[in-house]
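Asker: What follows is the file coords.cif, containing mmCIF, C-alpha atoms:
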```cif
data_structure
loop_
_atom_site.label_atom_id
_atom_site.label_comp_id
_atom_site.auth_asym_id
_atom_site.auth_seq_id
_atom_site.Cartn_x
_atom_site.Cartn_y
_atom_site.Cartn_z
CA MET B 74 -29.93 68.25 -42.09
CA ARG B 75 -31.22 64.76 -41.43
CA PHE B 76 -34.65 65.77 -42.73
CA PHE B 77 -33.14 66.87 -46.08
CA ARG B 78 -31.33 63.54 -46.47
CA ILE B 79 -34.51 61.60 -45.84
CA ALA B 80 -36.49 63.86 -48.19
CA ALA B 81 -33.88 63.49 -50.95
CA ALA B 82 -33.84 59.70 -50.56
CA ALA B 83 -37.65 59.50 -50.63
CA PHE B 84 -37.82 61.74 -53.71
CA SER B 85 -35.22 59.67 -55.58
CA ILE B 86 -37.05 56.42 -54.79
CA LEU B 87 -40.46 57.79 -55.79
CA ALA B 88 -39.26 59.65 -58.89
CA ALA B 89 -37.16 56.80 -60.34
CA PRO B 90 -39.96 55.22 -62.46
CA ALA B 91 -40.97 58.59 -63.90
CA LEU B 92 -37.36 59.43 -64.73
CA TRP B 93 -36.83 56.02 -66.33
CA ALA B 94 -39.86 56.60 -68.57
CA GLN B 95 -38.20 59.79 -69.85
CA ASP B 96 -35.02 57.94 -70.86
CA PRO B 97 -34.34 58.86 -74.53
CA VAL B 98 -32.80 55.45 -75.21
CA VAL B 99 -35.94 53.58 -74.12
CA ALA B 100 -37.98 55.79 -76.46
CA ARG B 101 -35.90 54.46 -79.40
CA VAL B 102 -36.60 50.74 -78.82
CA GLY B 103 -37.53 49.23 -82.18
CA SER B 104 -35.57 51.83 -84.17
CA THR B 105 -32.46 51.32 -86.26
CA VAL B 106 -29.50 52.58 -84.23
CA ARG B 107 -25.73 52.94 -84.58
CA VAL B 108 -23.80 52.30 -81.37
CA THR B 109 -20.17 53.33 -80.90
CA ALA B 110 -18.65 51.22 -78.13
CA PRO B 111 -14.92 50.60 -78.77
CA SER B 112 -14.55 48.21 -75.84
CA VAL B 113 -17.23 45.93 -77.38
CA HIS B 114 -16.47 46.26 -81.11
CA PRO B 115 -13.85 48.40 -82.92
CA GLN B 116 -16.36 49.61 -85.55
CA PRO B 117 -19.77 51.18 -84.84
CA LEU B 118 -22.52 48.55 -84.65
CA VAL B 119 -25.71 49.05 -86.67
CA GLY B 120 -28.86 47.15 -85.83
CA ILE B 121 -32.33 47.34 -84.33
CA LEU B 122 -32.55 48.27 -80.66
CA ASP B 123 -34.44 45.34 -79.09
CA GLY B 124 -34.36 46.48 -75.51
CA ALA B 125 -32.68 48.75 -73.01
CA ASN B 126 -32.46 49.08 -69.27
CA ASP B 127 -30.20 51.00 -66.92
CA SER B 128 -27.29 48.56 -67.30
CA HIS B 129 -27.25 47.40 -70.95
CA LEU B 130 -28.59 47.73 -74.49
CA ARG B 131 -29.73 44.74 -76.55
CA LEU B 132 -29.06 45.16 -80.26
CA ALA B 133 -30.30 42.83 -83.04
CA THR B 134 -27.77 42.76 -85.89
CA GLY B 135 -27.32 40.61 -88.98
CA ALA B 136 -24.77 38.52 -87.05
CA GLY B 137 -27.19 37.94 -84.17
CA PRO B 138 -28.13 39.68 -80.94
CA ILE B 139 -25.46 41.67 -79.11
CA VAL B 140 -25.64 42.89 -75.52
CA ILE B 141 -23.71 46.11 -74.94
CA PRO B 142 -23.03 47.46 -71.43
CA ARG B 143 -24.45 50.94 -71.18
CA ASN B 144 -21.30 52.36 -69.61
CA ALA B 145 -19.31 51.19 -72.69
CA VAL B 146 -21.43 53.29 -75.08
CA GLN B 147 -19.61 56.41 -76.24
CA ARG B 148 -22.11 57.49 -78.88
CA LEU B 149 -25.63 56.38 -79.74
CA GLN B 150 -27.38 57.50 -82.92
CA TRP B 151 -30.76 56.60 -84.39
CA SER B 152 -31.75 56.55 -88.02
CA ARG B 153 -34.36 59.05 -89.19
CA GLY B 154 -34.76 56.99 -92.36
CA LEU B 155 -33.06 56.30 -95.65
CA HIS B 156 -32.50 59.04 -98.19
CA LYS B 157 -30.87 59.49 -101.57
CA PRO B 158 -28.73 62.61 -102.07
CA VAL B 159 -30.34 63.50 -105.45
CA LEU B 160 -30.35 67.28 -105.02
CA LYS B 161 -26.81 67.32 -103.64
CA HIS B 162 -25.49 65.43 -106.68
CA ALA B 163 -27.38 67.72 -109.05
CA VAL B 164 -25.93 70.87 -107.46
CA VAL B 165 -22.37 69.48 -107.41
CA GLY B 166 -22.67 68.35 -111.03
CA ALA B 167 -24.01 71.74 -112.11
CA LEU B 168 -21.21 73.60 -110.34
CA VAL B 169 -18.40 71.38 -111.60
CA LEU B 170 -19.50 71.18 -115.23
CA GLY B 171 -20.58 74.83 -115.21
CA ALA B 172 -17.07 75.84 -114.14
CA PHE B 173 -15.61 73.50 -116.76
CA GLY B 174 -17.84 75.08 -119.43
CA PHE B 175 -16.79 78.57 -118.36
CA ALA B 176 -13.10 77.57 -118.51
CA TYR B 177 -13.61 75.92 -121.91
CA GLY B 178 -15.36 79.01 -123.27
CA SER B 179 -12.53 81.27 -122.15
CA ALA B 180 -9.78 79.04 -123.60
CA PRO B 181 -8.26 80.16 -126.92
CA HIS B 182 -9.53 78.19 -129.90
CA ASP B 183 -7.75 77.08 -133.07
CA PRO B 184 -7.84 79.98 -135.53
CA GLY B 185 -8.56 77.59 -138.42
CA GLU B 186 -11.74 76.35 -136.74
CA LYS B 187 -14.84 77.92 -138.24
CA GLN B 188 -17.30 77.53 -135.39
CA GLY B 189 -16.64 75.88 -132.02
CA VAL B 190 -19.12 74.00 -129.89
CA CYS B 191 -19.81 77.17 -128.01
CA GLY B 192 -18.39 80.54 -128.84
CA ASP B 193 -18.50 82.56 -125.63
CA ARG B 194 -18.13 82.07 -121.89
CA PRO B 195 -21.75 82.50 -120.76
CA LYS B 196 -23.03 80.09 -123.40
CA CYS B 197 -20.43 77.43 -122.45
CA ALA B 198 -21.12 77.93 -118.74
CA ALA B 199 -24.88 77.55 -119.30
CA ILE B 200 -24.43 74.37 -121.37
CA GLY B 201 -22.03 72.94 -118.74
CA THR B 202 -24.40 73.80 -115.90
CA GLY B 203 -27.35 72.16 -117.64
CA LEU B 204 -25.40 69.01 -118.49
CA GLY B 205 -23.94 68.85 -114.97
CA ALA B 206 -27.34 69.17 -113.33
CA ALA B 207 -28.79 66.43 -115.57
CA LEU B 208 -25.85 64.10 -114.91
CA GLY B 209 -26.03 64.88 -111.17
CA LEU B 210 -29.74 64.04 -111.08
CA ILE B 211 -29.08 60.74 -112.82
CA ALA B 212 -26.19 59.92 -110.48
CA GLY B 213 -28.24 60.87 -107.41
CA SER B 214 -31.20 58.75 -108.45
CA LEU B 215 -28.92 55.74 -109.01
CA ALA B 216 -27.05 56.25 -105.72
CA THR B 217 -27.51 53.81 -102.84
CA PRO B 218 -29.72 55.23 -100.09
CA THR B 219 -27.94 56.10 -96.84
CA HIS B 220 -29.18 56.51 -93.28
CA ASP B 221 -29.80 59.97 -91.88
CA TRP B 222 -28.24 59.62 -88.40
CA ALA B 223 -29.19 61.79 -85.41
CA ASP B 224 -27.59 61.65 -81.96
CA VAL B 225 -29.64 60.36 -79.05
CA PRO B 226 -29.15 62.99 -76.32
CA ASP B 227 -27.77 62.14 -72.90
CA THR B 228 -27.06 58.45 -73.33
CA ARG B 229 -25.05 58.54 -70.12
CA ARG B 230 -27.45 59.55 -67.39
CA VAL B 231 -25.31 58.62 -64.40
CA SER B 232 -21.54 58.89 -64.14
CA VAL B 233 -19.38 57.95 -61.18
CA VAL B 234 -15.89 59.41 -60.67
CA VAL B 235 -13.46 57.97 -58.11
CA ARG B 236 -10.37 60.04 -57.21
CA PRO B 237 -7.56 59.28 -54.75
CA ARG B 238 -7.14 61.69 -51.85
CA PRO B 239 -4.32 62.05 -49.33
CA ARG B 240 -6.26 60.10 -46.70
CA GLY B 241 -8.53 57.78 -48.69
CA VAL B 242 -10.70 57.94 -51.78
CA ALA B 243 -13.25 60.51 -52.95
CA ALA B 244 -16.23 59.44 -55.03
CA SER B 245 -18.69 61.67 -56.85
CA VAL B 246 -21.88 60.83 -58.65
CA ALA B 247 -23.33 63.03 -61.40
CA MET B 248 -26.88 62.50 -62.68
CA ARG B 249 -28.44 64.14 -65.76
CA PHE B 250 -32.18 64.51 -66.10
#
```
Could you write out this structure as structure tokens?

Answerer:
Amino acid sequence: MRFFRIAAAAFSILAAPALWAQDPVVARVGSTVRVTAPSVHPQPLVGILDGANDSHLRLATGAGPIVIPRNAVQRLQWSRGLHKPVLKHAVVGALVLGAFGFAYGSAPHDPGEKQGVCGDRPKCAAIGTGLGAALGLIAGSLATPTHDWADVPDTRRVSVVVRPRPRGVAASVAMRF
């Protein structure tokens, strides 16, 4: 049993640098990140990850550098880049105005009116869909670009749980690799 304890201790000491190099947070240094840490700031913080070690993250924001304890981080996301939702706006516009055109085409018209804008449902739906898609493309191209956020996996590598017992305290350590 003593041999296994010594072997486990030697392995953990020798493998620590290799495991640290595989840390997904360290791989994101220099990226734009969004950190959710309610004990540090009530709103998620967005900035550039300047540095990270096993105890804290250093974030460069517009207000200046912020040091966040790693155990306070509930969620860490990195930006895959900025994008404009052009196609999404075009599809939504086509669906909404297409449905409106279909409803308009099926509504009863004034009998004194000679010729309406569109006389039947399919024609009105097609006109509404085309106008909606065009307006959606314009709205999407004018929209402000937003970040495409992705979660950084396993931001908490080590967790320690302390529980009271009838005759003392029990502590457990969980490590994720």

Asker: Please provide as a list in words all residues within 12 Å of Val102 of chain B, with the sequence filter that same-chain residues fewer than 3 positions apart are discarded (counting all atoms listed in the file).

Answerer: Asp96, Pro97, Val98, Val99, Thr105, Val106, Gly120, Ile121, Leu122, Asp123, Gly124, Ala125, Asn126, Leu130, Arg131, Leu132, Ala133, Trp151, Ser152 and Val225 of chain B

Asker: I'd like the residues picked by the PyMOL selection byres ((chain B and resi 162-174) around 8) written out as a ChimeraX atom specification, using the chain letters and numbers from the file.

Answerer: /B:158-161,175-178,194,197-210,212-213

Asker: Store the residues picked out above in a file with C-alpha atoms, as a PDB file, in the frame of the given file.

Answerer:
```pdb
ATOM      1  CA  PRO B 158     -28.730  62.610-102.070  1.00  0.00           C
ATOM      2  CA  VAL B 159     -30.340  63.500-105.450  1.00  0.00           C
ATOM      3  CA  LEU B 160     -30.350  67.280-105.020  1.00  0.00           C
ATOM      4  CA  LYS B 161     -26.810  67.320-103.640  1.00  0.00           C
ATOM      5  CA  PHE B 175     -16.790  78.570-118.360  1.00  0.00           C
ATOM      6  CA  ALA B 176     -13.100  77.570-118.510  1.00  0.00           C
ATOM      7  CA  TYR B 177     -13.610  75.920-121.910  1.00  0.00           C
ATOM      8  CA  GLY B 178     -15.360  79.010-123.270  1.00  0.00           C
ATOM      9  CA  ARG B 194     -18.130  82.070-121.890  1.00  0.00           C
ATOM     10  CA  CYS B 197     -20.430  77.430-122.450  1.00  0.00           C
ATOM     11  CA  ALA B 198     -21.120  77.930-118.740  1.00  0.00           C
ATOM     12  CA  ALA B 199     -24.880  77.550-119.300  1.00  0.00           C
ATOM     13  CA  ILE B 200     -24.430  74.370-121.370  1.00  0.00           C
ATOM     14  CA  GLY B 201     -22.030  72.940-118.740  1.00  0.00           C
ATOM     15  CA  THR B 202     -24.400  73.800-115.900  1.00  0.00           C
ATOM     16  CA  GLY B 203     -27.350  72.160-117.640  1.00  0.00           C
ATOM     17  CA  LEU B 204     -25.400  69.010-118.490  1.00  0.00           C
ATOM     18  CA  GLY B 205     -23.940  68.850-114.970  1.00  0.00           C
ATOM     19  CA  ALA B 206     -27.340  69.170-113.330  1.00  0.00           C
ATOM     20  CA  ALA B 207     -28.790  66.430-115.570  1.00  0.00           C
ATOM     21  CA  LEU B 208     -25.850  64.100-114.910  1.00  0.00           C
ATOM     22  CA  GLY B 209     -26.030  64.880-111.170  1.00  0.00           C
ATOM     23  CA  LEU B 210     -29.740  64.040-111.080  1.00  0.00           C
ATOM     24  CA  ALA B 212     -26.190  59.920-110.480  1.00  0.00           C
ATOM     25  CA  GLY B 213     -28.240  60.870-107.410  1.00  0.00           C
TER      26      GLY B 213
END
```

Asker: Hey, can you check how far atom CA of Ala244 of chain B sits from atom CA of Ser128 of chain B?

Answerer: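 A separation of 19.8 Å between them.
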
Asker: If we count only C-alpha atoms and set the cut-off at 6 Å, which residues sit around Leu155 of chain B, ignoring sequence neighbours fewer than 6 positions away in its own chain? Please answer as a list in words.

Answerer: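 My list of contacting residues is Pro218, Thr219 and His220 of chain B.
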
Asker: Would you export the selected residues with C-alpha atoms as a CSV table (one decimal), keeping the file's coordinate frame, please?

Answerer:
```csv
chain,number,residue,atom,x,y,z
B,218,PRO,CA,-29.7,55.2,-100.1
B,219,THR,CA,-27.9,56.1,-96.8
B,220,HIS,CA,-29.2,56.5,-93.3
```

Asker: Using all atoms listed in the file, determine which residues lie at most 8 Å from segment 111-115 of chain B, disregarding the query and same-chain residues fewer than 2 positions distant; provide the list as a count of residues only.

Answerer: 7

Asker: Kindly give the distance, in Å, that separates atom CA of His129 of chain B and atom CA of Pro226 of chain B, rounded to a single decimal.

Answerer: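 Computing it gives 16.6 Å between the two atoms.
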
Asker: As an exercise, work out the distance from atom CA of Asp221 of chain B to atom CA of His156 of chain B in Å and give it to one decimal place.

Answerer: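 Atom CA of Asp221 of chain B sits 6.9 Å away from atom CA of His156 of chain B.
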
Asker: Would you please work out which residue, of B:Ser104, B:Pro138, B:Ala223, B:Ile79, is nearest to Gln150 of chain B when using all atoms listed in the file?

Answerer: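 The shortest atom-to-atom distance to Gln150 of chain B comes from B:Ala223.
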